[in-house]
Structure formats: structure tokens, C-alpha cells
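Chemist: Hey, dropping coords_36.txt in here, compact mmCIF, C-alpha atoms and all ligand atoms:
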# COMPACT_ATOMS: atom_id res chain seq x y z
CA MET A 1 -111.70 -66.22 108.65
CA MET A 2 -111.49 -68.67 105.71
CA ILE A 3 -108.29 -68.21 103.72
CA GLU A 4 -108.73 -69.31 100.14
CA THR A 5 -106.51 -72.11 98.84
CA TYR A 6 -105.69 -72.33 95.13
CA ASP A 7 -104.14 -75.04 93.01
CA THR A 8 -101.89 -72.48 91.32
CA ILE A 9 -100.89 -68.91 92.05
CA VAL A 10 -99.24 -67.10 89.16
CA LEU A 11 -96.99 -64.18 90.07
CA GLY A 12 -96.92 -61.38 87.47
CA GLY A 13 -99.46 -60.46 84.79
CA GLY A 14 -97.28 -59.94 81.72
CA ILE A 15 -97.75 -62.21 78.69
CA SER A 16 -95.88 -65.08 80.44
CA GLY A 17 -98.10 -64.95 83.53
CA LEU A 18 -101.32 -64.55 81.54
CA VAL A 19 -100.61 -67.54 79.31
CA ALA A 20 -99.43 -69.66 82.27
CA ALA A 21 -102.62 -68.84 84.21
CA TYR A 22 -104.82 -69.46 81.17
CA ASN A 23 -103.20 -72.87 80.56
CA GLN A 24 -103.69 -73.87 84.20
CA GLN A 25 -107.32 -72.73 84.05
CA LYS A 26 -107.83 -74.86 80.93
CA ARG A 27 -106.51 -77.88 82.83
CA GLY A 28 -109.29 -77.32 85.35
CA LYS A 29 -107.06 -75.83 88.07
CA HIS A 30 -108.32 -73.26 90.56
CA VAL A 31 -105.96 -70.44 89.66
CA LEU A 32 -105.22 -66.87 90.77
CA LEU A 33 -102.89 -64.41 89.04
CA LEU A 34 -101.43 -61.50 91.04
CA GLU A 35 -100.22 -58.41 89.18
CA ALA A 36 -98.62 -55.42 90.93
CA SER A 37 -99.53 -52.66 88.47
CA ASN A 38 -103.03 -51.45 87.68
CA ARG A 39 -103.19 -53.19 84.29
CA LEU A 40 -102.32 -56.55 82.78
CA GLY A 41 -99.86 -57.06 79.92
CA GLY A 42 -96.55 -56.03 81.54
CA VAL A 43 -94.16 -54.89 78.83
CA ILE A 44 -96.85 -55.27 76.14
CA ASN A 45 -98.95 -52.11 76.03
CA THR A 46 -100.67 -50.35 73.14
CA VAL A 47 -101.48 -46.69 73.77
CA TYR A 48 -103.23 -44.01 71.70
CA LYS A 49 -101.86 -40.47 71.54
CA GLU A 50 -102.87 -37.60 69.29
CA GLY A 51 -104.40 -39.94 66.74
CA TYR A 52 -101.45 -42.35 66.68
CA ARG A 53 -101.42 -45.91 67.88
CA LEU A 54 -98.15 -46.55 69.70
CA GLU A 55 -96.73 -49.83 70.94
CA GLN A 56 -94.73 -49.24 74.12
CA GLY A 57 -93.22 -52.72 73.94
CA PRO A 58 -92.91 -55.15 71.03
CA ASN A 59 -94.92 -54.22 67.93
CA SER A 60 -95.38 -57.73 66.54
CA ILE A 61 -95.11 -61.35 67.57
CA LEU A 62 -93.75 -64.33 65.67
CA THR A 63 -96.27 -67.08 65.15
CA ASN A 64 -95.84 -70.77 65.84
CA ALA A 65 -98.32 -73.64 66.09
CA GLU A 66 -99.02 -73.00 69.81
CA LEU A 67 -99.70 -69.31 69.26
CA HIS A 68 -102.12 -70.08 66.41
CA GLU A 69 -103.94 -72.50 68.71
CA LEU A 70 -104.14 -69.87 71.47
CA ILE A 71 -105.45 -67.20 69.08
CA LYS A 72 -108.13 -69.63 67.90
CA GLU A 73 -109.17 -70.47 71.46
CA LEU A 74 -109.34 -66.78 72.35
CA GLY A 75 -111.56 -66.12 69.33
CA ILE A 76 -109.43 -63.30 67.91
CA GLU A 77 -108.45 -64.90 64.59
CA ASP A 78 -110.43 -62.29 62.68
CA LYS A 79 -108.40 -59.53 64.36
CA ILE A 80 -105.02 -60.77 63.10
CA ARG A 81 -103.03 -58.21 61.10
CA LYS A 82 -100.32 -59.73 58.94
CA ASN A 83 -97.16 -58.00 57.89
CA GLU A 84 -97.30 -56.39 54.49
CA ALA A 85 -95.19 -58.51 52.10
CA ILE A 86 -92.58 -55.75 51.89
CA ALA A 87 -91.97 -56.02 55.62
CA SER A 88 -89.91 -59.18 55.12
CA THR A 89 -87.24 -56.88 53.68
CA ARG A 90 -84.75 -55.77 56.30
CA TYR A 91 -82.02 -53.19 56.07
CA LEU A 92 -78.72 -52.73 57.87
CA LEU A 93 -77.15 -49.33 58.25
CA PHE A 94 -73.83 -49.31 56.39
CA LYS A 95 -71.75 -46.13 56.06
CA ASP A 96 -74.78 -44.09 57.15
CA MET A 97 -77.07 -45.57 54.47
CA PRO A 98 -79.69 -48.34 54.80
CA LEU A 99 -78.53 -51.38 52.79
CA LYS A 100 -81.08 -54.02 51.74
CA MET A 101 -80.25 -57.48 53.11
CA LYS A 102 -81.31 -59.46 50.03
CA PRO A 103 -78.90 -61.14 47.60
CA SER A 104 -78.43 -58.46 44.96
CA TRP A 105 -75.83 -56.70 42.85
CA ALA A 106 -76.17 -53.64 45.09
CA LEU A 107 -75.26 -55.72 48.14
CA LEU A 108 -72.34 -57.43 46.38
CA THR A 109 -70.84 -54.16 45.18
CA SER A 110 -71.54 -52.12 48.32
CA GLY A 111 -68.32 -53.13 50.09
CA PHE A 112 -70.41 -54.54 52.94
CA LEU A 113 -69.45 -58.15 52.19
CA THR A 114 -65.71 -58.73 52.54
CA PHE A 115 -63.90 -61.59 50.79
CA GLY A 116 -63.48 -63.21 54.23
CA MET A 117 -67.24 -63.17 54.82
CA VAL A 118 -68.06 -64.78 51.46
CA TRP A 119 -65.31 -67.38 52.01
CA ALA A 120 -66.66 -68.16 55.49
CA PHE A 121 -70.15 -68.82 54.05
CA LEU A 122 -68.72 -71.00 51.25
CA THR A 123 -66.56 -73.11 53.59
CA GLU A 124 -68.92 -73.28 56.59
CA ARG A 125 -70.15 -76.74 55.62
CA PHE A 126 -66.63 -78.16 56.05
CA ARG A 127 -66.17 -76.95 59.64
CA LYS A 128 -66.26 -79.45 62.49
CA LYS A 129 -69.44 -79.80 64.53
CA GLY A 130 -69.26 -78.20 67.99
CA THR A 131 -69.37 -80.37 71.10
CA LEU A 132 -70.24 -77.78 73.77
CA GLU A 133 -73.53 -78.09 75.69
CA ASP A 134 -73.99 -74.35 75.25
CA GLU A 135 -71.92 -71.29 74.34
CA SER A 136 -72.40 -67.60 73.64
CA ILE A 137 -73.93 -66.55 70.31
CA ALA A 138 -70.68 -64.71 69.52
CA ASN A 139 -68.57 -67.81 70.10
CA PHE A 140 -70.83 -69.92 67.92
CA ILE A 141 -70.77 -67.48 64.99
CA ARG A 142 -66.98 -66.98 65.19
CA ARG A 143 -66.52 -70.75 65.30
CA ARG A 144 -68.84 -71.54 62.36
CA LEU A 145 -68.38 -68.39 60.28
CA ASN A 146 -66.14 -65.47 61.24
CA ALA A 147 -65.79 -62.28 63.30
CA ASP A 148 -66.87 -59.94 60.46
CA ILE A 149 -70.15 -61.82 60.01
CA LEU A 150 -70.65 -61.61 63.77
CA ASN A 151 -69.99 -57.86 63.91
CA ARG A 152 -71.71 -56.77 60.71
CA MET A 153 -74.71 -59.10 60.47
CA ILE A 154 -75.37 -61.03 63.68
CA ASN A 155 -74.64 -58.34 66.25
CA PRO A 156 -77.33 -55.93 64.93
CA LEU A 157 -79.80 -58.81 64.64
CA VAL A 158 -79.18 -59.84 68.25
CA THR A 159 -79.45 -56.28 69.55
CA GLY A 160 -82.61 -55.83 67.45
CA VAL A 161 -84.32 -58.81 69.07
CA TYR A 162 -82.82 -58.92 72.57
CA ALA A 163 -81.13 -55.51 72.98
CA GLY A 164 -78.38 -57.71 74.41
CA ASP A 165 -74.71 -58.54 73.93
CA PRO A 166 -74.01 -61.65 71.78
CA GLU A 167 -70.86 -62.24 73.86
CA LYS A 168 -73.07 -62.79 76.92
CA LEU A 169 -76.25 -64.34 75.52
CA SER A 170 -76.57 -68.12 75.55
CA LEU A 171 -77.06 -69.62 72.09
CA ARG A 172 -79.46 -72.32 73.27
CA SER A 173 -81.65 -69.89 75.23
CA THR A 174 -81.94 -67.39 72.38
CA PHE A 175 -81.38 -69.05 68.99
CA LYS A 176 -81.90 -72.73 69.77
CA LYS A 177 -82.73 -73.33 66.10
CA LEU A 178 -79.15 -72.46 65.13
CA TYR A 179 -77.86 -74.93 67.73
CA ALA A 180 -80.21 -77.61 66.33
CA MET A 181 -79.16 -76.86 62.74
CA GLU A 182 -75.53 -77.55 63.59
CA GLN A 183 -76.35 -80.65 65.64
CA ASP A 184 -78.74 -82.14 63.04
CA TYR A 185 -76.95 -81.23 59.81
CA GLY A 186 -73.38 -80.49 60.92
CA SER A 187 -73.60 -77.12 59.14
CA LEU A 188 -75.87 -74.07 59.02
CA VAL A 189 -75.63 -73.80 55.24
CA LYS A 190 -76.48 -77.50 54.74
CA ALA A 191 -79.39 -77.15 57.15
CA MET A 192 -80.77 -74.16 55.23
CA PHE A 193 -80.88 -76.19 52.02
CA ASN A 194 -82.20 -79.42 53.55
CA ARG A 195 -84.61 -78.30 56.25
CA ASP A 196 -88.21 -79.45 56.11
CA LYS A 197 -89.75 -76.81 53.87
CA ASN A 198 -93.24 -77.95 54.88
CA GLY A 199 -92.73 -76.97 58.51
CA HIS A 200 -94.80 -74.16 60.03
CA LYS A 201 -93.90 -70.85 58.42
CA ARG A 202 -93.36 -68.23 61.12
CA GLU A 203 -94.90 -64.83 60.48
CA ALA A 204 -94.73 -61.56 62.39
CA ILE A 205 -98.30 -60.55 63.24
CA SER A 206 -100.21 -58.00 65.26
CA PHE A 207 -103.94 -57.45 65.81
CA LYS A 208 -106.58 -54.89 65.03
CA GLY A 209 -106.14 -52.64 68.07
CA GLY A 210 -102.47 -53.62 68.50
CA LEU A 211 -100.90 -56.29 70.71
CA THR A 212 -103.09 -55.23 73.63
CA THR A 213 -105.91 -57.09 71.84
CA LEU A 214 -104.18 -60.36 72.78
CA ILE A 215 -103.82 -59.21 76.39
CA LYS A 216 -107.49 -58.15 76.60
CA ALA A 217 -108.64 -61.51 75.21
CA LEU A 218 -106.61 -63.40 77.85
CA GLU A 219 -107.89 -61.02 80.53
CA LYS A 220 -111.46 -61.78 79.49
CA LYS A 221 -110.89 -65.54 79.70
CA LEU A 222 -109.33 -65.25 83.16
CA GLY A 223 -112.03 -62.94 84.52
CA GLU A 224 -111.79 -62.65 88.30
CA SER A 225 -108.91 -65.12 88.37
CA ALA A 226 -106.52 -62.27 87.53
CA ILE A 227 -106.22 -59.35 89.92
CA THR A 228 -104.31 -56.12 89.42
CA SER A 229 -102.81 -53.69 91.97
CA ALA A 230 -101.77 -56.77 93.94
CA ARG A 231 -98.06 -56.57 94.73
CA VAL A 232 -96.58 -59.85 95.94
CA LYS A 233 -94.41 -59.29 99.02
CA GLN A 234 -93.42 -62.77 100.12
CA VAL A 235 -93.77 -66.41 99.14
CA THR A 236 -92.97 -68.93 101.86
CA SER A 237 -92.79 -72.67 101.49
CA LEU A 238 -95.00 -74.82 103.73
CA ASP A 239 -95.16 -78.62 104.12
CA ASP A 240 -98.04 -78.93 101.69
CA GLY A 241 -97.72 -75.86 99.48
CA PHE A 242 -97.00 -72.15 99.67
CA LYS A 243 -98.22 -69.06 101.50
CA ILE A 244 -98.31 -65.94 99.34
CA THR A 245 -98.49 -62.53 100.99
CA TYR A 246 -99.45 -59.53 98.86
CA ASN A 247 -100.53 -55.92 99.27
CA GLN A 248 -103.73 -54.74 97.69
CA GLU A 249 -104.63 -51.08 98.12
CA GLU A 250 -102.47 -50.79 101.27
CA ASN A 251 -104.06 -53.91 102.79
CA GLN A 252 -101.96 -56.94 103.42
CA GLN A 253 -103.61 -60.15 102.21
CA PHE A 254 -102.52 -63.74 101.97
CA VAL A 255 -103.57 -66.88 100.13
CA PHE A 256 -102.38 -70.48 99.99
CA ALA A 257 -101.54 -72.50 96.91
CA LYS A 258 -100.36 -76.00 96.07
CA GLU A 259 -98.06 -74.59 93.41
CA VAL A 260 -96.62 -71.22 92.45
CA ILE A 261 -95.55 -70.10 88.98
CA SER A 262 -93.32 -67.04 89.07
CA THR A 263 -93.06 -64.89 85.94
CA LEU A 264 -91.70 -61.92 87.87
CA PRO A 265 -88.63 -60.06 86.66
CA THR A 266 -85.70 -61.94 88.24
CA ILE A 267 -84.82 -59.15 90.72
CA ALA A 268 -88.40 -59.12 92.05
CA ALA A 269 -88.40 -62.94 92.22
CA SER A 270 -85.15 -62.94 94.24
CA LYS A 271 -86.76 -60.62 96.78
CA VAL A 272 -90.11 -62.35 97.27
CA LEU A 273 -89.26 -66.05 96.95
CA ASP A 274 -88.31 -66.63 100.56
CA PHE A 275 -87.45 -70.29 100.28
CA ILE A 276 -84.81 -70.28 97.54
CA ASP A 277 -81.16 -70.60 98.55
CA THR A 278 -78.69 -67.71 98.64
CA ASP A 279 -76.79 -68.85 95.53
CA LEU A 280 -79.94 -68.87 93.41
CA LYS A 281 -80.98 -65.48 94.84
CA GLN A 282 -77.61 -64.04 93.83
CA GLU A 283 -77.85 -65.53 90.35
CA LEU A 284 -81.33 -64.06 89.90
CA GLN A 285 -80.06 -60.65 90.99
CA GLN A 286 -77.27 -60.78 88.44
CA VAL A 287 -79.50 -61.29 85.39
CA GLU A 288 -79.12 -58.14 83.30
CA TYR A 289 -82.16 -56.37 81.86
CA ALA A 290 -81.36 -54.07 78.96
CA PRO A 291 -82.91 -50.63 79.45
CA MET A 292 -84.90 -49.54 76.38
CA LEU A 293 -85.92 -46.09 75.28
CA LEU A 294 -88.40 -45.70 72.43
CA LEU A 295 -88.69 -42.56 70.35
CA TYR A 296 -91.74 -42.16 68.09
CA LEU A 297 -91.31 -39.95 65.04
CA SER A 298 -93.99 -38.96 62.56
CA TYR A 299 -93.56 -37.19 59.22
CA PRO A 300 -96.05 -36.08 56.55
CA ARG A 301 -95.78 -38.73 53.78
CA GLN A 302 -95.03 -36.13 51.10
CA ASN A 303 -91.90 -35.06 52.99
CA VAL A 304 -90.33 -38.53 52.75
CA ARG A 305 -88.84 -39.13 49.31
CA GLN A 306 -87.91 -42.82 49.67
CA LYS A 307 -90.38 -45.69 49.54
CA LEU A 308 -90.47 -47.23 53.01
CA ASN A 309 -90.42 -50.70 51.49
CA GLY A 310 -89.26 -52.75 54.45
CA PHE A 311 -89.58 -53.52 58.14
CA GLY A 312 -86.97 -50.98 59.12
CA TYR A 313 -83.24 -51.06 59.73
CA LEU A 314 -80.77 -52.28 62.32
CA ILE A 315 -77.43 -50.76 63.16
CA PRO A 316 -74.13 -52.66 63.48
CA LYS A 317 -71.96 -51.52 66.40
CA GLN A 318 -69.17 -50.14 64.22
CA GLU A 319 -71.56 -47.57 62.74
CA ASN A 320 -71.23 -45.84 66.13
CA GLN A 321 -74.81 -44.64 66.37
CA PRO A 322 -76.43 -43.93 69.73
CA TYR A 323 -79.48 -46.11 68.91
CA LEU A 324 -80.21 -49.70 67.85
CA GLY A 325 -82.38 -49.16 64.78
CA GLY A 326 -85.66 -47.91 63.41
CA ILE A 327 -88.95 -49.63 62.60
CA TRP A 328 -91.11 -48.19 59.81
CA THR A 329 -94.32 -48.85 61.67
CA SER A 330 -96.63 -47.31 59.09
CA ALA A 331 -95.20 -49.61 56.39
CA ILE A 332 -95.53 -52.96 58.15
CA PHE A 333 -99.21 -53.43 59.08
C1 LIG B 1 -89.54 -52.16 73.04
C2 LIG B 1 -89.55 -53.65 73.21
C3 LIG B 1 -89.52 -54.46 72.08
C4 LIG B 1 -89.53 -55.85 72.22
N1 LIG B 1 -89.52 -56.62 71.09
C5 LIG B 1 -89.53 -57.96 71.20
C6 LIG B 1 -89.54 -58.80 70.06
O1 LIG B 1 -89.52 -58.31 68.94
N2 LIG B 1 -89.55 -60.16 70.23
C7 LIG B 1 -89.57 -60.72 71.49
O2 LIG B 1 -89.60 -61.95 71.62
N3 LIG B 1 -89.58 -59.95 72.59
C8 LIG B 1 -89.55 -58.60 72.47
N4 LIG B 1 -89.54 -57.83 73.59
C9 LIG B 1 -89.51 -58.49 74.88
C10 LIG B 1 -90.88 -59.02 75.28
O3 LIG B 1 -91.83 -58.01 75.11
C11 LIG B 1 -90.81 -59.43 76.74
O4 LIG B 1 -89.82 -60.43 76.87
C12 LIG B 1 -92.11 -60.01 77.25
O5 LIG B 1 -93.22 -59.17 76.96
C13 LIG B 1 -91.95 -60.18 78.75
O6 LIG B 1 -93.13 -60.72 79.27
P1 LIG B 1 -93.14 -61.28 80.74
O7 LIG B 1 -94.54 -61.62 81.07
O8 LIG B 1 -92.14 -62.37 80.88
O9 LIG B 1 -92.59 -60.09 81.65
P2 LIG B 1 -93.24 -58.65 81.94
O10 LIG B 1 -94.02 -58.18 80.78
O11 LIG B 1 -92.12 -57.81 82.43
O12 LIG B 1 -94.25 -58.97 83.12
C14 LIG B 1 -93.85 -59.11 84.45
C15 LIG B 1 -94.99 -58.57 85.30
O13 LIG B 1 -94.67 -58.78 86.68
C16 LIG B 1 -95.20 -57.68 87.39
N5 LIG B 1 -94.56 -57.61 88.71
C17 LIG B 1 -93.30 -57.18 89.03
N6 LIG B 1 -93.10 -57.29 90.37
C18 LIG B 1 -94.25 -57.80 90.89
C19 LIG B 1 -94.66 -58.17 92.21
N7 LIG B 1 -93.85 -58.03 93.27
N8 LIG B 1 -95.92 -58.66 92.38
C20 LIG B 1 -96.76 -58.84 91.32
N9 LIG B 1 -96.42 -58.51 90.06
C21 LIG B 1 -95.18 -58.00 89.84
C22 LIG B 1 -94.89 -56.48 86.50
O14 LIG B 1 -95.71 -55.36 86.84
C23 LIG B 1 -95.20 -57.05 85.12
O15 LIG B 1 -96.53 -56.80 84.72
C24 LIG B 1 -89.54 -56.44 73.50
C25 LIG B 1 -89.57 -55.63 74.63
C26 LIG B 1 -89.57 -54.25 74.49
C27 LIG B 1 -89.59 -53.38 75.73
In C-alpha cells, how does this file's structure come out?
Modeler:
Amino acid sequence: MMIETYDTIVLGGGISGLVAAYNQQKRGKHVLLLEASNRLGGVINTVYKEGYRLEQGPNSILTNAELHELIKELGIEDKIRKNEAIASTRYLLFKDMPLKMKPSWALLTSGFLTFGMVWAFLTERFRKKGTLEDESIANFIRRRLNADILNRMINPLVTGVYAGDPEKLSLRSTFKKLYAMEQDYGSLVKAMFNRDKNGHKREAISFKGGLTTLIKALEKKLGESAITSARVKQVTSLDDGFKITYNQEENQQFVFAKEVISTLPTIAASKVLDFIDTDLKQELQQVEYAPMLLLYLSYPRQNVRQKLNGFGYLIPKQENQPYLGGIWTSAIF
């Protein structure tokens, strides 16, 4: 029996695996993507229920030059849905009420900004530049600004994006722009005033048909090079490449590849990558994944008195709410 040999095997068919496989295919590589579930997209999944379109994962993506290029190549430029202008307005929950995060009299007089916070912003430019290779987001903000700014403004932002703890998240892996701002300008405030204003403006976008449109377009490009219901069981290292064993519909199959790209969740990677050492396996097993629960609520418009003129709101920890925030989906696209 001839066993097929590939240049690249990609493990996992979420957005990371799909883009990795697509890029390898573009470089002329013979590529195969293996996905355990019966659909591609991983965390990204748009579903329709009772007339509503629901995103089960992220509801928008931030653009950059590479993403624009990809969208163009996939031919889905005409399907882009941009945020309504109002969606750039964000709110934070403060004393049980959403407070608009835009410089305004209402914000100044709300009691949200303490004297210490204003002073920290005004004097930030005089603080010494950090010398650490990396540090937690919390450490960075306390060092450059202060603990109130961390707790009231940064903490909800970090939980909103990563559902993670700023005390544990690495600054350079999450907000590398902040790290660069300090390194290049010596101060965040100075950087904000001096940064190249002509740089690419990042926008939050979705597509007609939701984020699944992006997944479907990648799926189409990959064609038979991406297979679903193929659970990877083991990857062993050989002298001249790798042997990948996977189960497809109860049958055990294997293929060979010169290189393997793993985009599996770290726990799965630690179990299937046979050749990595015990220390790395343990580190992979210790990476925390924040569990997320989404609740979709729908109200008749006439029953909501306020204008939903914003993206939604995030909740600082000290508000003691059992959830992270709310997105006003119907207002943003
Ligand atoms: C509600 C929500 C909101 C989010 N909002 C944002 C946001 O605003 N901004 C942002 O940047 N990120 C956001 N994220 C995170 C972002 O969606 C994910 O980081 C990203 O989609 C992960 O993609 P991935 O391909 O790396 O992993 P995944 O999507 O997890 O894909 C991994 C794939 O590997 C497959 N797999 C697992 N084990 C095996 C195996 N043994 N063999 C083969 N395949 C296997 C899985 O089935 C899965 O399809 C959000 C996530 C959620 C849940």
C-alpha cells in the first residue's frame, strides 16, 4: 500500500490551522489539514436559530494589512461588514450604570476618575523606561500608571479581549504595541501623540453571513486538502520527517510529512506530539484556557428606552457582577 507523503501536515482546523494550511498551499507545498470535529472553523462558528444569527465565538475581527490581503485573495471583499460608527463607543459599568469611555463632562464628574488616576496620566511621561524582557500586563500598568487605572480601566479591557487575568498574561504576547510604545517613545502618552498617524487604521469587521464566511472561503480554497472528522492520535518524529496517525470514522490511518504545524489546543498537543520532552509537555498542559459561556438575549426594540449607541459594555472586577460584559450585537453591524 502506498502511504502518501506531504510537505506539510497541519493539525487542527480552526482559523490558525486554516490560514497556516492556505499559506503553505500558496507556497506550492503539498499540504493536508486534519480536523477532529465534523466542521472547520474551531471556535469561530456562526449559527442561525429562530431567525437570529448568532456568533458562538468572536463576533468581529480586527483588520491589519495581512488580513486585508487575505480577504482580497479569498474574493470576499464585497462581503465585508464594517462596524457602524457608533460602535467605536465603549462603555464601562460603574456603580451599576454604563459609563461612556470618551473624554466628557459626564465622565469627569462621574466619580469614576480619581485624582490619582488623572495624576498618573499627567506624570506618566516622566516615569523611567522599563528594562524587563517581558512582564505581566498588571505589572506594566502599575509601573507606568497606577493600580486604580489597572483595576478600573485595563482589567475589564483585558477580560473583554482575553477573558484572562492581567496578573498572569504576558504583556508582549497580548499587547505588544504597548511594550513597543514604551520602548520607542519612553512613554505611552508621548507615543499616543507622536505615533505615525498614517499607519494602517485597524477596524473591527465581520462579513455578510457572519465570521463563518471567512472560514467557508478558506475551506473552498483548500478543497480536499482539509479533512474533517480526522482526530490526530499521535505524531512521531522520524529521521526525515514525521509520521502522523489519525482516526477517521473509527479507522486508523497514517500519513508522512516533512513538516508538521500544530495549531491544536495545548493540552491536545501535549498528548499527541510524541517527540517533545517532558518539560515542554508539562508546560503545554499548564496553559490555562478560560471557559466562556455566552447568553443571547433579544428584546423588542420598543421595550428598550435607551439608544444602544455603542459596542457594548465591559465590567470592572470591583462591580462584582457574575459576567464579563455585554455586546449590543444589533447595534454594531
Ligand atoms: C466567545 C469568544 C469571543 C472571542 N473574542 C475574541 C476577540 O474579540 N478577539 C480575539 O482575538 N479573539 C477572540 N476570541 C478567541 C479566538 O476566537 C480564538 O483565539 C481563535 O479562534 C482560536 O483559533 P485556533 O485556530 O487557534 O484554535 P481553535 O479554534 O480552538 O481550533 C483548534 C482546532 O483543533 C481541533 N482539534 C483539537 N484536538 C484535535 C485533534 N486531536 N486532532 C485534530 N484536530 C483537533 C479542534 O476541533 C479545533 O477545531 C474569542 C473566543 C470566544 C470563544
Chemist: Need the shell around Gly209 in chain A: protein/DNA/RNA residues with any atom at most 10 Å away, counting only C-alpha atoms. Skip same-chain ones fewer than 4 positions apart. Format as an MDAnalysis selection string?
Modeler: chainID A and resid 46:48 53 79:81 213:214
Chemist: How many Å lie between CA of Arg172 in chain A and CA of Trp119 in chain A, rounded to one decimal?
Modeler: 26.0 Å
Chemist: What do you get as a list of chain:residue names if you pick all residues at most 6 Å from ligand LIG 1 (chain B), counting all atoms listed in the file?
Modeler: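 These are the residues that qualify: A:Leu11, A:Gly12, A:Gly13, A:Gly14, A:Ile15, A:Ser16, A:Gly17, A:Leu34, A:Glu35, A:Ala36, A:Ser37, A:Gly41, A:Gly42, A:Val43, A:Ile44, A:Gly57, A:Pro58, A:Val161, A:Arg231, A:Val232, A:Lys233, A:Thr263, A:Leu264, A:Pro265, A:Ala268.
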Chemist: Residues near range 94-109 of chain A, anyone? I mean within 9 Å using only C-alpha atoms, not counting same-chain ones fewer than 2 positions away, as a PyMOL selection string.
Modeler: chain A and resi 89-92+111-113+152+310+312-316+319
Chemist: To one decimal place, how far is CA of Leu308 in chain A from CA of Thr212 in chain A in Å?
Modeler: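 CA of Leu308 in chain A sits 25.5 Å away from CA of Thr212 in chain A.
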Chemist: What's around Asp148 in chain A at 10 Å? Count all atoms listed in the file, leave out sequence neighbours fewer than 5 positions away in its own chain, and write the answer as a PDB file with C-alpha atoms, in the coordinates of the input.
Modeler:
ATOM      1  CA  PHE A 112     -70.410 -54.540  52.940  1.00  0.00           C
ATOM      2  CA  LEU A 113     -69.450 -58.150  52.190  1.00  0.00           C
ATOM      3  CA  THR A 114     -65.710 -58.730  52.540  1.00  0.00           C
ATOM      4  CA  GLY A 116     -63.480 -63.210  54.230  1.00  0.00           C
ATOM      5  CA  MET A 117     -67.240 -63.170  54.820  1.00  0.00           C
ATOM      6  CA  ALA A 120     -66.660 -68.160  55.490  1.00  0.00           C
ATOM      7  CA  ILE A 141     -70.770 -67.480  64.990  1.00  0.00           C
ATOM      8  CA  ARG A 142     -66.980 -66.980  65.190  1.00  0.00           C
ATOM      9  CA  MET A 153     -74.710 -59.100  60.470  1.00  0.00           C
ATOM     10  CA  ILE A 154     -75.370 -61.030  63.680  1.00  0.00           C
ATOM     11  CA  ASN A 155     -74.640 -58.340  66.250  1.00  0.00           C
TER      12      ASN A 155
END
Chemist: Give one line per residue of range 23-139 of chain A that approaches range 293-305 of chain A to at most 10 Å, naming the two atoms of the closest pair and their distance in Å to one decimal, counting all atoms listed in the file; sort by chain then ascending residue number and deliver it as JSON lines.
Modeler:
{"residue": "A:Tyr52", "atom": "CA", "partner": "A:Ser298", "partner_atom": "CA", "distance": 9.2}
{"residue": "A:Leu54", "atom": "CA", "partner": "A:Tyr296", "partner_atom": "CA", "distance": 7.9}
{"residue": "A:Glu55", "atom": "CA", "partner": "A:Leu294", "partner_atom": "CA", "distance": 9.4}
{"residue": "A:Gln56", "atom": "CA", "partner": "A:Leu294", "partner_atom": "CA", "distance": 7.4}
{"residue": "A:Gly57", "atom": "CA", "partner": "A:Leu294", "partner_atom": "CA", "distance": 8.6}
Chemist: Select, from A:Leu218, A:Val189, A:Gly164, A:Glu224, the residue with the minimum atom-to-atom distance to Tyr289 in chain A, counting only C-alpha atoms.
Modeler: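 The answer is A:Gly164, which sits nearest to Tyr289 in chain A.
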Chemist: When you look at Leu32 in chain A with a cut-off of 10 Å (counting all atoms listed in the file), what residues show up, excluding the ones that are within fewer than 6 positions of it in the same chain? I need them as a PDB file with C-alpha atoms, in the frame of the given file.
Modeler:
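In the end it all went to part35.pdb:
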ATOM      1  CA  THR A   5    -106.510 -72.110  98.840  1.00  0.00           C
ATOM      2  CA  TYR A   6    -105.690 -72.330  95.130  1.00  0.00           C
ATOM      3  CA  ASP A   7    -104.140 -75.040  93.010  1.00  0.00           C
ATOM      4  CA  THR A   8    -101.890 -72.480  91.320  1.00  0.00           C
ATOM      5  CA  ILE A   9    -100.890 -68.910  92.050  1.00  0.00           C
ATOM      6  CA  VAL A  10     -99.240 -67.100  89.160  1.00  0.00           C
ATOM      7  CA  LEU A  11     -96.990 -64.180  90.070  1.00  0.00           C
ATOM      8  CA  ALA A  21    -102.620 -68.840  84.210  1.00  0.00           C
ATOM      9  CA  TYR A  22    -104.820 -69.460  81.170  1.00  0.00           C
ATOM     10  CA  GLN A  24    -103.690 -73.870  84.200  1.00  0.00           C
ATOM     11  CA  GLN A  25    -107.320 -72.730  84.050  1.00  0.00           C
ATOM     12  CA  LEU A 222    -109.330 -65.250  83.160  1.00  0.00           C
ATOM     13  CA  GLU A 224    -111.790 -62.650  88.300  1.00  0.00           C
ATOM     14  CA  SER A 225    -108.910 -65.120  88.370  1.00  0.00           C
ATOM     15  CA  ALA A 226    -106.520 -62.270  87.530  1.00  0.00           C
ATOM     16  CA  ILE A 227    -106.220 -59.350  89.920  1.00  0.00           C
ATOM     17  CA  VAL A 255    -103.570 -66.880 100.130  1.00  0.00           C
ATOM     18  CA  ALA A 257    -101.540 -72.500  96.910  1.00  0.00           C
ATOM     19  CA  VAL A 260     -96.620 -71.220  92.450  1.00  0.00           C
TER      20      VAL A 260
END
Chemist: Please report the interatomic distance between CA of Thr236 in chain A and CA of Phe254 in chain A in Å with one decimal.
Modeler: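 Atom-to-atom, CA of Thr236 in chain A and CA of Phe254 in chain A are spaced 10.9 Å apart.
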Chemist: Hey, what's within 12 Å of Phe126 in chain A if we count all atoms listed in the file and toss same-chain stuff fewer than 3 positions away? As a PyMOL selection string, please?
Modeler: chain A and resi 119-123+129+143-145+182+185-190
Chemist: Could you tell me which of A:Ile137, A:Ile327, A:Ala204, A:Val272 comes closest to Asn309 in chain A if we count all atoms listed in the file?
Modeler: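 Of the candidates, the smallest distance to Asn309 in chain A is held by A:Ile327.
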Chemist: Which of these residues is nearest to Thr63 in chain A, using only C-alpha atoms: A:Lys317, A:Asp165, A:Gly326, A:Lys82?
Modeler: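 Residue with the minimum atom-to-atom distance to Thr63 in chain A: A:Lys82.
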Chemist: For a quick check of understanding, using only C-alpha atoms, which of A:Ile332, A:Ala290, A:Met2, A:Leu238 has the smallest distance to Ser88 in chain A?
Modeler: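 That would be A:Ile332, the residue with the smallest distance to Ser88 in chain A.
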